[in-house]
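Shown next: my_file05.cif, given as mmCIF, C-alpha atoms.
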data_start
loop_
_atom_site.group_PDB
_atom_site.id
_atom_site.type_symbol
_atom_site.label_atom_id
_atom_site.label_comp_id
_atom_site.auth_asym_id
_atom_site.auth_seq_id
_atom_site.Cartn_x
_atom_site.Cartn_y
_atom_site.Cartn_z
ATOM 1 C CA MET A 1 39.863 3.990 2.652
ATOM 2 C CA THR A 2 37.735 1.784 4.854
ATOM 3 C CA THR A 3 34.292 0.325 4.480
ATOM 4 C CA SER A 4 32.177 0.650 7.554
ATOM 5 C CA ASP A 5 28.985 -0.757 8.980
ATOM 6 C CA ASP A 6 27.025 0.080 12.113
ATOM 7 C CA LEU A 7 29.762 -1.224 14.385
ATOM 8 C CA GLY A 8 32.608 0.828 12.900
ATOM 9 C CA PRO A 9 35.330 0.331 10.296
ATOM 10 C CA THR A 10 36.597 -3.189 9.699
ATOM 11 C CA ILE A 11 37.706 -3.682 6.068
ATOM 12 C CA SER A 12 40.066 -1.147 4.518
ATOM 13 C CA VAL A 13 40.720 -0.698 0.792
ATOM 14 C CA HIS A 14 44.222 0.291 -0.275
ATOM 15 C CA LEU A 15 43.462 1.018 -3.919
ATOM 16 C CA ASP A 16 44.759 4.601 -3.774
ATOM 17 C CA ARG A 17 48.136 3.418 -2.380
ATOM 18 C CA LEU A 18 48.463 0.665 -5.037
ATOM 19 C CA LEU A 19 47.633 3.141 -7.794
ATOM 20 C CA ALA A 20 50.210 5.610 -6.489
ATOM 21 C CA ASP A 21 52.878 2.885 -6.247
ATOM 22 C CA ARG A 22 52.265 1.885 -9.872
ATOM 23 C CA GLY A 23 51.846 5.427 -11.171
ATOM 24 C CA MET A 24 48.437 4.548 -12.530
ATOM 25 C CA THR A 25 45.236 6.584 -12.618
ATOM 26 C CA LEU A 26 41.776 5.329 -11.796
ATOM 27 C CA THR A 27 40.715 5.757 -15.421
ATOM 28 C CA GLU A 28 43.639 3.658 -16.669
ATOM 29 C CA LEU A 29 42.850 0.934 -14.143
ATOM 30 C CA SER A 30 39.222 1.058 -15.225
ATOM 31 C CA GLN A 31 40.159 0.556 -18.887
ATOM 32 C CA LEU A 32 42.664 -2.232 -18.185
ATOM 33 C CA ALA A 33 40.521 -4.135 -15.664
ATOM 34 C CA GLY A 34 37.203 -3.635 -17.416
ATOM 35 C CA VAL A 35 35.594 -2.222 -14.268
ATOM 36 C CA SER A 36 33.683 1.037 -14.481
ATOM 37 C CA THR A 37 35.252 4.160 -12.956
ATOM 38 C CA VAL A 38 32.065 4.644 -10.940
ATOM 39 C CA ASN A 39 32.501 1.234 -9.276
ATOM 40 C CA LEU A 40 36.233 1.792 -8.765
ATOM 41 C CA SER A 41 35.499 5.163 -7.201
ATOM 42 C CA ILE A 42 32.929 3.559 -4.850
ATOM 43 C CA LEU A 43 35.541 0.951 -3.890
ATOM 44 C CA LYS A 44 38.349 3.496 -3.467
ATOM 45 C CA ASN A 45 36.243 5.813 -1.318
ATOM 46 C CA GLY A 46 35.103 3.016 1.003
ATOM 47 C CA ARG A 47 31.442 3.150 0.003
ATOM 48 C CA ALA A 48 31.316 -0.421 -1.329
ATOM 49 C CA LYS A 49 29.343 -2.953 0.687
ATOM 50 C CA ALA A 50 30.661 -5.985 -1.202
ATOM 51 C CA ILE A 51 33.150 -6.875 -3.939
ATOM 52 C CA ARG A 52 32.639 -9.563 -6.563
ATOM 53 C CA PHE A 53 35.353 -12.216 -7.079
ATOM 54 C CA THR A 54 35.433 -11.224 -10.759
ATOM 55 C CA THR A 55 36.200 -7.593 -9.842
ATOM 56 C CA LEU A 56 38.853 -8.660 -7.363
ATOM 57 C CA THR A 57 40.428 -11.018 -9.921
ATOM 58 C CA ALA A 58 40.539 -8.299 -12.585
ATOM 59 C CA LEU A 59 42.137 -5.810 -10.181
ATOM 60 C CA CYS A 60 44.717 -8.343 -8.971
ATOM 61 C CA GLU A 61 45.631 -9.202 -12.578
ATOM 62 C CA VAL A 62 46.118 -5.585 -13.624
ATOM 63 C CA LEU A 63 47.854 -4.433 -10.429
ATOM 64 C CA ASP A 64 49.841 -7.694 -10.178
ATOM 65 C CA CYS A 65 49.025 -8.150 -6.517
ATOM 66 C CA GLN A 66 47.213 -10.385 -4.059
ATOM 67 C CA PRO A 67 43.700 -9.676 -2.702
ATOM 68 C CA GLY A 68 45.337 -8.979 0.660
ATOM 69 C CA ASP A 69 47.272 -6.114 -0.926
ATOM 70 C CA ILE A 70 44.018 -4.437 -1.944
ATOM 71 C CA LEU A 71 41.992 -5.212 1.176
ATOM 72 C CA GLY A 72 42.983 -5.045 4.810
ATOM 73 C CA PHE A 73 41.230 -6.024 8.023
ATOM 74 C CA GLN A 74 41.193 -3.683 10.978
ATOM 75 C CA PRO A 75 39.848 -5.255 14.187
ATOM 76 C CA ARG A 76 37.295 -3.220 16.067
ATOM 77 C CA PRO A 77 38.504 -1.680 19.305
ATOM 78 C CA LYS A 78 37.621 -4.001 22.181
ATOM 79 C CA THR A 79 34.862 -2.797 24.473
ATOM 80 C CA VAL A 80 34.682 -3.539 28.175
ATOM 81 C CA ASP A 81 31.378 -4.819 29.514
ATOM 82 C CA LEU A 82 30.857 -3.071 32.837
ATOM 83 C CA SER A 83 27.553 -4.760 33.587
ATOM 84 C CA ASP A 84 29.257 -7.735 35.287
ATOM 85 C CA ALA A 85 31.432 -5.545 37.494
ATOM 86 C CA MET B 1 14.876 -12.775 -29.599
ATOM 87 C CA THR B 2 16.224 -13.490 -26.161
ATOM 88 C CA ALA B 3 15.047 -11.966 -22.912
ATOM 89 C CA MET B 4 18.298 -10.019 -22.599
ATOM 90 C CA THR B 5 17.937 -8.245 -25.920
ATOM 91 C CA ARG B 6 14.220 -7.597 -25.545
ATOM 92 C CA LYS B 7 13.318 -4.015 -24.668
ATOM 93 C CA GLN B 8 12.511 -3.773 -20.969
ATOM 94 C CA ARG B 9 8.906 -2.780 -20.380
ATOM 95 C CA ASP B 10 7.805 -0.439 -17.626
ATOM 96 C CA PRO B 11 6.568 -2.864 -14.946
ATOM 97 C CA LEU B 12 4.212 -0.244 -13.486
ATOM 98 C CA GLN B 13 2.589 0.779 -16.751
ATOM 99 C CA PRO B 14 -0.423 -1.615 -16.902
ATOM 100 C CA LEU B 15 -1.704 -0.825 -13.402
ATOM 101 C CA LEU B 16 -0.757 2.865 -13.584
ATOM 102 C CA THR B 17 -2.861 3.335 -16.721
ATOM 103 C CA VAL B 18 -5.876 1.496 -15.278
ATOM 104 C CA VAL B 19 -5.699 3.281 -11.905
ATOM 105 C CA ASP B 20 -5.339 6.716 -13.542
ATOM 106 C CA PHE B 21 -8.353 5.969 -15.742
ATOM 107 C CA ILE B 22 -10.543 4.696 -12.898
ATOM 108 C CA PHE B 23 -9.465 7.455 -10.480
ATOM 109 C CA SER B 24 -10.270 10.125 -13.066
ATOM 110 C CA GLY B 25 -13.655 8.478 -13.691
ATOM 111 C CA LEU B 26 -14.305 8.322 -9.952
ATOM 112 C CA VAL B 27 -13.608 12.046 -9.540
ATOM 113 C CA VAL B 28 -15.792 12.983 -12.554
ATOM 114 C CA VAL B 29 -18.708 10.767 -11.428
ATOM 115 C CA THR B 30 -18.534 12.088 -7.850
ATOM 116 C CA VAL B 31 -18.416 15.733 -8.945
ATOM 117 C CA LEU B 32 -21.229 15.201 -11.484
ATOM 118 C CA GLY B 33 -23.312 13.287 -8.922
ATOM 119 C CA ALA B 34 -22.840 16.005 -6.322
ATOM 120 C CA GLY B 35 -23.743 18.654 -8.894
ATOM 121 C CA LEU B 36 -26.864 16.814 -10.002
ATOM 122 C CA ALA B 37 -27.898 16.204 -6.389
ATOM 123 C CA VAL B 38 -27.646 19.939 -5.692
ATOM 124 C CA PHE B 39 -29.314 21.233 -8.846
ATOM 125 C CA SER B 40 -31.744 18.463 -9.920
ATOM 126 C CA ARG B 41 -34.743 16.941 -8.241
ATOM 127 C CA GLY B 42 -34.945 13.193 -7.805
ATOM 128 C CA VAL B 43 -31.191 12.655 -7.877
ATOM 129 C CA SER B 44 -29.447 11.764 -4.631
ATOM 130 C CA ILE B 45 -25.857 11.129 -3.694
ATOM 131 C CA PHE B 46 -25.202 9.126 -0.543
ATOM 132 C CA GLY B 47 -28.846 9.632 0.482
ATOM 133 C CA TRP B 48 -28.785 13.409 0.032
ATOM 134 C CA SER B 49 -30.602 15.433 -2.590
ATOM 135 C CA ARG B 50 -32.370 18.771 -3.025
ATOM 136 C CA THR B 51 -35.368 17.360 -1.217
ATOM 137 C CA VAL B 52 -33.556 15.818 1.758
ATOM 138 C CA PRO B 53 -34.448 14.297 4.045
ATOM 139 C CA TYR B 54 -37.193 12.569 2.035
ATOM 140 C CA SER B 55 -36.964 9.057 3.411
ATOM 141 C CA VAL B 56 -34.409 6.678 4.853
ATOM 142 C CA CYS B 57 -34.670 3.202 3.382
ATOM 143 C CA VAL B 58 -33.108 -0.143 4.196
ATOM 144 C CA PRO B 59 -33.260 -2.873 1.550
ATOM 145 C CA THR B 60 -35.242 -5.986 2.391
ATOM 146 C CA ASP B 61 -34.388 -8.168 -0.573
ATOM 147 C CA ASP B 62 -30.880 -9.078 0.504
ATOM 148 C CA SER B 63 -29.624 -12.051 2.469
ATOM 149 C CA ASN B 64 -28.833 -9.850 5.477
ATOM 150 C CA PHE B 65 -32.454 -8.913 5.991
ATOM 151 C CA ARG B 66 -33.701 -12.449 5.310
ATOM 152 C CA ALA B 67 -31.312 -13.702 7.995
ATOM 153 C CA THR B 68 -33.180 -11.635 10.600
ATOM 154 C CA GLY B 69 -36.334 -13.675 9.955
ATOM 155 C CA ILE B 70 -38.484 -10.528 9.969
ATOM 156 C CA THR B 71 -41.356 -10.445 7.526
ATOM 157 C CA VAL B 72 -42.548 -7.151 6.156
ATOM 158 C CA GLU B 73 -46.234 -7.045 6.943
ATOM 159 C CA PRO B 74 -48.479 -4.045 7.498
ATOM 160 C CA GLY B 75 -48.797 -4.943 11.191
ATOM 161 C CA GLY B 76 -45.077 -5.514 11.601
ATOM 162 C CA LEU B 77 -43.991 -1.988 10.838
ATOM 163 C CA ARG B 78 -43.867 0.863 13.309
ATOM 164 C CA PRO B 79 -45.806 4.081 12.684
ATOM 165 C CA GLY B 80 -44.020 6.422 10.283
ATOM 166 C CA THR B 81 -42.534 3.514 8.369
ATOM 167 C CA GLY B 82 -43.477 2.532 4.831
ATOM 168 C CA ALA B 83 -42.751 -0.515 2.758
ATOM 169 C CA SER B 84 -41.860 -0.105 -0.887
ATOM 170 C CA MET B 85 -42.459 -3.219 -2.918
ATOM 171 C CA GLN B 86 -40.978 -1.571 -6.021
ATOM 172 C CA SER B 87 -37.555 -1.122 -4.490
ATOM 173 C CA ALA B 88 -38.001 -3.970 -1.977
ATOM 174 C CA SER B 89 -37.189 -1.813 1.002
ATOM 175 C CA ILE B 90 -38.731 -0.366 4.122
ATOM 176 C CA CYS B 91 -38.377 3.311 4.810
ATOM 177 C CA LEU B 92 -38.660 5.862 7.591
ATOM 178 C CA LEU B 93 -41.032 8.332 5.954
ATOM 179 C CA HIS B 94 -40.094 11.264 8.175
ATOM 180 C CA PRO B 95 -36.552 10.602 9.320
ATOM 181 C CA THR B 96 -34.713 12.846 11.724
ATOM 182 C CA THR B 97 -31.513 14.538 10.591
ATOM 183 C CA GLY B 98 -29.566 12.046 12.712
ATOM 184 C CA GLN B 99 -31.200 9.108 10.926
ATOM 185 C CA ALA B 100 -30.514 10.663 7.515
ATOM 186 C CA VAL B 101 -26.901 11.280 8.506
ATOM 187 C CA ALA B 102 -26.635 7.683 9.760
ATOM 188 C CA LEU B 103 -27.821 6.361 6.375
ATOM 189 C CA THR B 104 -25.355 8.665 4.600
ATOM 190 C CA ILE B 105 -22.520 7.302 6.726
ATOM 191 C CA ALA B 106 -23.611 3.746 5.879
ATOM 192 C CA GLN B 107 -23.654 4.581 2.170
ATOM 193 C CA VAL B 108 -20.478 6.653 2.101
ATOM 194 C CA THR B 109 -18.356 4.124 4.048
ATOM 195 C CA GLY B 110 -17.901 1.762 1.129
ATOM 196 C CA PHE B 111 -17.136 4.658 -1.195
ATOM 197 C CA VAL B 112 -14.505 6.067 1.179
ATOM 198 C CA LEU B 113 -12.891 2.634 1.441
ATOM 199 C CA PHE B 114 -12.858 2.234 -2.348
ATOM 200 C CA ALA B 115 -11.695 5.785 -3.122
ATOM 201 C CA GLY B 116 -9.060 5.690 -0.370
ATOM 202 C CA ALA B 117 -7.660 2.435 -1.705
ATOM 203 C CA PHE B 118 -7.433 3.902 -5.201
ATOM 204 C CA TYR B 119 -5.730 7.004 -3.851
ATOM 205 C CA LEU B 120 -3.152 4.872 -2.007
ATOM 206 C CA VAL B 121 -2.543 2.691 -5.083
ATOM 207 C CA ARG B 122 -2.042 5.840 -7.159
ATOM 208 C CA ARG B 123 0.414 7.335 -4.633
ATOM 209 C CA LEU B 124 2.220 3.990 -4.401
ATOM 210 C CA LEU B 125 2.640 3.755 -8.163
ATOM 211 C CA ARG B 126 3.720 7.402 -8.477
ATOM 212 C CA ASP B 127 6.302 6.882 -5.727
ATOM 213 C CA ALA B 128 7.576 3.727 -7.426
ATOM 214 C CA ALA B 129 7.814 5.538 -10.791
ATOM 215 C CA LYS B 130 9.722 8.431 -9.190
ATOM 216 C CA ASN B 131 12.019 6.685 -6.695
ATOM 217 C CA GLY B 132 12.280 3.206 -8.185
ATOM 218 C CA LEU B 133 11.151 -0.256 -7.197
ATOM 219 C CA PHE B 134 12.247 -2.082 -4.049
ATOM 220 C CA THR B 135 12.555 0.996 -1.836
ATOM 221 C CA PRO B 136 11.632 1.337 1.856
ATOM 222 C CA ASP B 137 9.089 4.014 0.865
ATOM 223 C CA LEU B 138 7.338 1.605 -1.494
ATOM 224 C CA ALA B 139 7.204 -0.965 1.319
ATOM 225 C CA ARG B 140 5.579 1.665 3.554
ATOM 226 C CA TRP B 141 2.967 2.502 0.903
ATOM 227 C CA LEU B 142 2.182 -1.188 0.422
ATOM 228 C CA ARG B 143 1.787 -1.659 4.173
ATOM 229 C CA ALA B 144 -0.469 1.415 4.383
ATOM 230 C CA LEU B 145 -2.638 0.071 1.560
ATOM 231 C CA GLY B 146 -2.811 -3.372 3.172
ATOM 232 C CA TRP B 147 -3.868 -1.983 6.546
ATOM 233 C CA TRP B 148 -6.321 0.388 4.888
ATOM 234 C CA LEU B 149 -8.081 -2.514 3.165
ATOM 235 C CA LEU B 150 -7.903 -4.884 6.134
ATOM 236 C CA ALA B 151 -8.925 -2.485 8.896
ATOM 237 C CA GLY B 152 -11.164 -0.455 6.604
ATOM 238 C CA GLU B 153 -13.190 -3.458 5.505
ATOM 239 C CA VAL B 154 -13.647 -4.697 9.081
ATOM 240 C CA ILE B 155 -14.598 -1.245 10.402
ATOM 241 C CA ALA B 156 -16.855 -0.518 7.419
ATOM 242 C CA THR B 157 -18.667 -3.828 7.869
ATOM 243 C CA ILE B 158 -19.286 -3.175 11.569
ATOM 244 C CA VAL B 159 -20.340 0.457 11.011
ATOM 245 C CA VAL B 160 -22.733 -0.365 8.174
ATOM 246 C CA ALA B 161 -24.230 -3.309 10.084
ATOM 247 C CA ALA B 162 -24.699 -1.229 13.250
ATOM 248 C CA ILE B 163 -26.387 1.595 11.335
ATOM 249 C CA ARG B 164 -28.700 -0.674 9.359
ATOM 250 C CA ILE B 165 -29.699 -2.676 12.427
ATOM 251 C CA SER B 166 -30.253 0.543 14.380
ATOM 252 C CA LEU B 167 -32.453 1.927 11.591
ATOM 253 C CA LEU B 168 -34.332 -1.361 11.192
ATOM 254 C CA ASN B 169 -35.042 -1.480 14.923
ATOM 255 C CA ARG B 170 -36.782 1.879 14.539
ATOM 256 C CA MET B 171 -38.873 0.575 11.649
ATOM 257 C CA VAL B 172 -40.112 -2.851 12.713
ATOM 258 C CA ASN B 173 -41.907 -4.072 15.806
ATOM 259 C CA ASP B 174 -39.765 -7.208 16.137
ATOM 260 C CA ARG B 175 -36.424 -6.224 17.569
ATOM 261 C CA ILE B 176 -33.273 -7.544 15.862
ATOM 262 C CA GLY B 177 -31.369 -8.986 18.766
ATOM 263 C CA PRO B 178 -27.580 -9.375 18.958
ATOM 264 C CA GLY B 179 -27.993 -13.024 17.949
ATOM 265 C CA LEU B 180 -29.118 -11.942 14.479
ATOM 266 C CA TRP B 181 -26.437 -9.305 13.956
ATOM 267 C CA TYR B 182 -24.153 -11.845 12.310
ATOM 268 C CA GLY B 183 -26.468 -11.682 9.301
ATOM 269 C CA TYR B 184 -25.351 -8.099 8.745
ATOM 270 C CA LEU B 185 -21.713 -8.681 9.575
ATOM 271 C CA HIS B 186 -20.534 -10.020 6.288
ATOM 272 C CA GLY B 187 -17.595 -8.108 4.906
ATOM 273 C CA SER B 188 -15.754 -9.058 1.762
ATOM 274 C CA TRP B 189 -13.348 -11.877 2.550
ATOM 275 C CA THR B 190 -11.605 -11.111 -0.739
ATOM 276 C CA VAL B 191 -10.760 -7.568 0.407
ATOM 277 C CA ILE B 192 -9.593 -8.812 3.829
ATOM 278 C CA PHE B 193 -7.466 -11.526 2.191
ATOM 279 C CA PHE B 194 -6.048 -8.950 -0.230
ATOM 280 C CA GLY B 195 -5.214 -6.616 2.667
ATOM 281 C CA VAL B 196 -3.357 -9.362 4.538
ATOM 282 C CA GLY B 197 -1.568 -10.261 1.296
ATOM 283 C CA LEU B 198 -0.437 -6.667 0.801
ATOM 284 C CA ILE B 199 0.892 -6.431 4.370
ATOM 285 C CA THR B 200 2.906 -9.596 3.650
ATOM 286 C CA ALA B 201 4.053 -8.167 0.314
ATOM 287 C CA ALA B 202 5.176 -5.017 2.151
ATOM 288 C CA ARG B 203 7.364 -7.101 4.466
ATOM 289 C CA ILE B 204 8.830 -8.919 1.449
ATOM 290 C CA MET B 205 9.401 -5.538 -0.211
ATOM 291 C CA ARG B 206 11.244 -4.267 2.888
ATOM 292 C CA VAL B 207 13.589 -7.281 2.710
ATOM 293 C CA GLY B 208 13.945 -6.684 -1.031
ATOM 294 C CA SER B 209 14.819 -3.019 -0.495
ATOM 295 C CA VAL B 210 17.691 -3.991 1.828
ATOM 296 C CA MET B 211 18.891 -6.492 -0.800
ATOM 297 C CA ARG B 212 18.711 -3.795 -3.475
ATOM 298 C CA GLU B 213 20.754 -1.406 -1.321
ATOM 299 C CA ASP B 214 23.355 -4.140 -0.818
ATOM 300 C CA LEU B 215 23.408 -4.844 -4.538
ATOM 301 C CA GLU B 216 23.936 -1.172 -5.311
ATOM 302 C CA GLY B 217 26.948 -1.203 -2.977
ATOM 303 C CA THR B 218 28.467 -4.237 -4.713
ATOM 304 C CA VAL B 219 31.293 -3.484 -7.132
#

Starting from the file, give its structure as structure tokens.
Amino acid sequence: MTTSDDLGPTISVHLDRLLADRGMTLTELSQLAGVSTVNLSILKNGRAKAIRFTTLTALCEVLDCQPGDILGFQPRPKTVDLSDA
Amino acid sequence: MTAMTRKQRDPLQPLLTVVDFIFSGLVVVTVLGAGLAVFSRGVSIFGWSRTVPYSVCVPTDDSNFRATGITVEPGGLRPGTGASMQSASICLLHPTTGQAVALTIAQVTGFVLFAGAFYLVRRLLRDAAKNGLFTPDLARWLRALGWWLLAGEVIATIVVAAIRISLLNRMVNDRIGPGLWYGYLHGSWTVIFFGVGLITAARIMRVGSVMREDLEGTV
């Protein structure tokens, strides 16, 4: 899932893939990490606008991964400025 | 007991209670006043009563009138004008409907400003109670209230001054020239200041609403 702003998707969240790899449910992750299922659902579905370091730390500890495994950066497609042509 | 464990109070409650009480009183007094003006003699509301139009009076004991420098003397008044020492005012004894309506507008302007402000405060508080604090809607209501007070006070001051000067010029021989109008152009600086403050508060609220939205999206 990706979070998006007015200029299109940039940061993607790979929580669903990590959960599948570890055979873990969202509820189990919630209980182990101490993060509410509501917040995890917001994060998983790409509706989060920001993530706290404490949340990221808890997720990395439970999933035994690096922040880069949870989040990914997708560059915006480059646009061509035709005004100078 | 720490602040964290203390029960959170409704931040809107004090003003909501007061505004509800005053707004209810305002409605009751207006309805009763209108009823008495229709059914009783000697009672008027905004210059209108069962016996309208009886007379149109402008007070002479206030600083506005003194600023004009006009003295109320028998020779200084135009025909059809009377001076009442009891109420310290001069009156058109046989006003036209237009003059009576003009006085009503002058009297009702302040009431409309006051009642409108209370209505907006009430709507603002109801919206905040329903949709929460720090919302774009609440910022809009605050801005509306601020502009209502600011523009309303300025317009009301000009309208009331213009009507009173116009009526006075029909009552006295000495004409009140534009140079003396400033005496009647004194609105409430407190209301104007409050209006500007509310417009500023609305802008702060708009910034706050964006921050709240961001905070809600933080996990």

For the structure shown, which residues end up in the PyMOL selection byres ((chain B and resi 206) around 12)? Put them as a list of chain:residue names, please?
B:Leu133, B:Phe134, B:Thr135, B:Pro136, B:Asp137, B:Leu138, B:Ala139, B:Arg140, B:Trp141, B:Leu142, B:Arg143, B:Ile199, B:Thr200, B:Ala201, B:Ala202, B:Arg203, B:Ile204, B:Met205, B:Val207, B:Gly208, B:Ser209, B:Val210, B:Met211, B:Arg212, B:Glu213

Find the residues of chain B that sit at most 6 Å from chain A; for each, write down the nearest two atoms and how far apart they are in Å, to one decimal. Count all atoms listed in the file. Sort by chain, then by number going up, and give it as JSON lines.
{"residue": "B:Gly217", "atom": "CA", "partner": "A:Lys49", "partner_atom": "CA", "distance": 4.7}
{"residue": "B:Thr218", "atom": "CA", "partner": "A:Ala50", "partner_atom": "CA", "distance": 4.5}
{"residue": "B:Val219", "atom": "CA", "partner": "A:Ile51", "partner_atom": "CA", "distance": 5.0}

Could you pull the residues within 7 Å of range 66-71 of chain A, counting all atoms listed in the file, minus those fewer than 4 positions along the same chain, as a PyMOL selection string?
chain A and resi 11-15+56+60

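With only C-alpha atoms as the basis for measurement, A:Leu59 is the residue among A:Gly46, A:Phe73, A:Cys65, A:Leu59 that approaches Leu26 in chain A most closely.
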
Pairwise distance for CA of Gly195 in chain B and CA of Trp148 in chain B, rounded to one decimal in Å
7.4 Å

Calculate how many Å separate CA of Ala161 in chain B from CA of Leu185 in chain B, rounding to one decimal.
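Going from CA of Ala161 in chain B over to CA of Leu185 in chain B covers 6.0 Å.
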
What is the distance, in Å and to one decimal place, between CA of Phe194 in chain B and CA of Val159 in chain B?
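Computing it gives 20.5 Å between the two atoms.
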
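Considering the residues A:Thr10, A:Pro77, A:Leu18, A:Thr25 and counting only C-alpha atoms, Thr37 in chain A has its shortest atom-to-atom contact with A:Thr25.
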
Which neighbours of range 106-111 of chain B fall inside 9 Å, counting all atoms listed in the file, when residues of the same chain fewer than 3 positions from it are skipped, and could you give them as a list in words?
Phe46, Gly47, Val101, Ala102, Leu103, Phe114, Ala115, Gly116, Gly152, Glu153, Ala156, Thr157, Val159, Val160, Ala161, Ala162, Ile163 and Arg164 of chain B

Which residues would end up in the selection if the PyMOL selection byres ((chain B and resi 58) around 6) were applied here, given that I need the answer as an NGL selection string?
:B and (57 or 59 or 89-90)

The centre and edge lengths of an axis-aligned box containing all atoms of range 37-56 of chain A present in the file, extended by 4 Å on each side, are to be given in Å to one decimal, as AutoDock Vina command-line options.
--center_x 34.1 --center_y -3.2 --center_z -6.0 --size_x 17.5 --size_y 26.0 --size_z 22.0

Final N, CA and C atoms of range 135-154 of chain B as an mmCIF file, keeping the file's coordinate frame:
data_model
loop_
_atom_site.group_PDB
_atom_site.id
_atom_site.type_symbol
_atom_site.label_atom_id
_atom_site.label_comp_id
_atom_site.auth_asym_id
_atom_site.auth_seq_id
_atom_site.Cartn_x
_atom_site.Cartn_y
_atom_site.Cartn_z
ATOM 1 N N THR B 135 12.067 -0.048 -2.744
ATOM 2 C CA THR B 135 12.555 0.996 -1.836
ATOM 3 C C THR B 135 11.781 0.887 -0.518
ATOM 4 N N PRO B 136 12.362 1.356 0.580
ATOM 5 C CA PRO B 136 11.632 1.337 1.856
ATOM 6 C C PRO B 136 10.315 2.123 1.789
ATOM 7 N N ASP B 137 10.318 3.212 1.005
ATOM 8 C CA ASP B 137 9.089 4.014 0.865
ATOM 9 C C ASP B 137 7.971 3.196 0.219
ATOM 10 N N LEU B 138 8.339 2.426 -0.808
ATOM 11 C CA LEU B 138 7.338 1.605 -1.494
ATOM 12 C C LEU B 138 6.780 0.543 -0.537
ATOM 13 N N ALA B 139 7.655 0.006 0.309
ATOM 14 C CA ALA B 139 7.204 -0.965 1.319
ATOM 15 C C ALA B 139 6.211 -0.312 2.277
ATOM 16 N N ARG B 140 6.483 0.941 2.647
ATOM 17 C CA ARG B 140 5.579 1.665 3.554
ATOM 18 C C ARG B 140 4.216 1.903 2.903
ATOM 19 N N TRP B 141 4.233 2.277 1.610
ATOM 20 C CA TRP B 141 2.967 2.502 0.903
ATOM 21 C C TRP B 141 2.168 1.202 0.792
ATOM 22 N N LEU B 142 2.859 0.112 0.518
ATOM 23 C CA LEU B 142 2.182 -1.188 0.422
ATOM 24 C C LEU B 142 1.552 -1.567 1.760
ATOM 25 N N ARG B 143 2.305 -1.324 2.843
ATOM 26 C CA ARG B 143 1.787 -1.659 4.173
ATOM 27 C C ARG B 143 0.570 -0.784 4.497
ATOM 28 N N ALA B 144 0.657 0.502 4.137
ATOM 29 C CA ALA B 144 -0.469 1.415 4.383
ATOM 30 C C ALA B 144 -1.706 0.948 3.629
ATOM 31 N N LEU B 145 -1.510 0.545 2.364
ATOM 32 C CA LEU B 145 -2.638 0.071 1.560
ATOM 33 C C LEU B 145 -3.222 -1.214 2.150
ATOM 34 N N GLY B 146 -2.353 -2.111 2.574
ATOM 35 C CA GLY B 146 -2.811 -3.372 3.172
ATOM 36 C C GLY B 146 -3.634 -3.145 4.423
ATOM 37 N N TRP B 147 -3.126 -2.276 5.311
ATOM 38 C CA TRP B 147 -3.868 -1.983 6.546
ATOM 39 C C TRP B 147 -5.153 -1.232 6.262
ATOM 40 N N TRP B 148 -5.116 -0.361 5.262
ATOM 41 C CA TRP B 148 -6.321 0.388 4.888
ATOM 42 C C TRP B 148 -7.426 -0.584 4.484
ATOM 43 N N LEU B 149 -7.081 -1.545 3.633
ATOM 44 C CA LEU B 149 -8.081 -2.514 3.165
ATOM 45 C C LEU B 149 -8.533 -3.431 4.296
ATOM 46 N N LEU B 150 -7.578 -3.934 5.065
ATOM 47 C CA LEU B 150 -7.903 -4.884 6.134
ATOM 48 C C LEU B 150 -8.747 -4.218 7.226
ATOM 49 N N ALA B 151 -8.209 -3.151 7.812
ATOM 50 C CA ALA B 151 -8.925 -2.485 8.896
ATOM 51 C C ALA B 151 -10.172 -1.780 8.372
ATOM 52 N N GLY B 152 -10.040 -1.179 7.192
ATOM 53 C CA GLY B 152 -11.164 -0.455 6.604
ATOM 54 C C GLY B 152 -12.353 -1.354 6.349
ATOM 55 N N GLU B 153 -12.099 -2.530 5.807
ATOM 56 C CA GLU B 153 -13.190 -3.458 5.505
ATOM 57 C C GLU B 153 -13.876 -3.931 6.789
ATOM 58 N N VAL B 154 -13.077 -4.231 7.804
ATOM 59 C CA VAL B 154 -13.647 -4.697 9.081
ATOM 60 C C VAL B 154 -14.473 -3.583 9.727
#
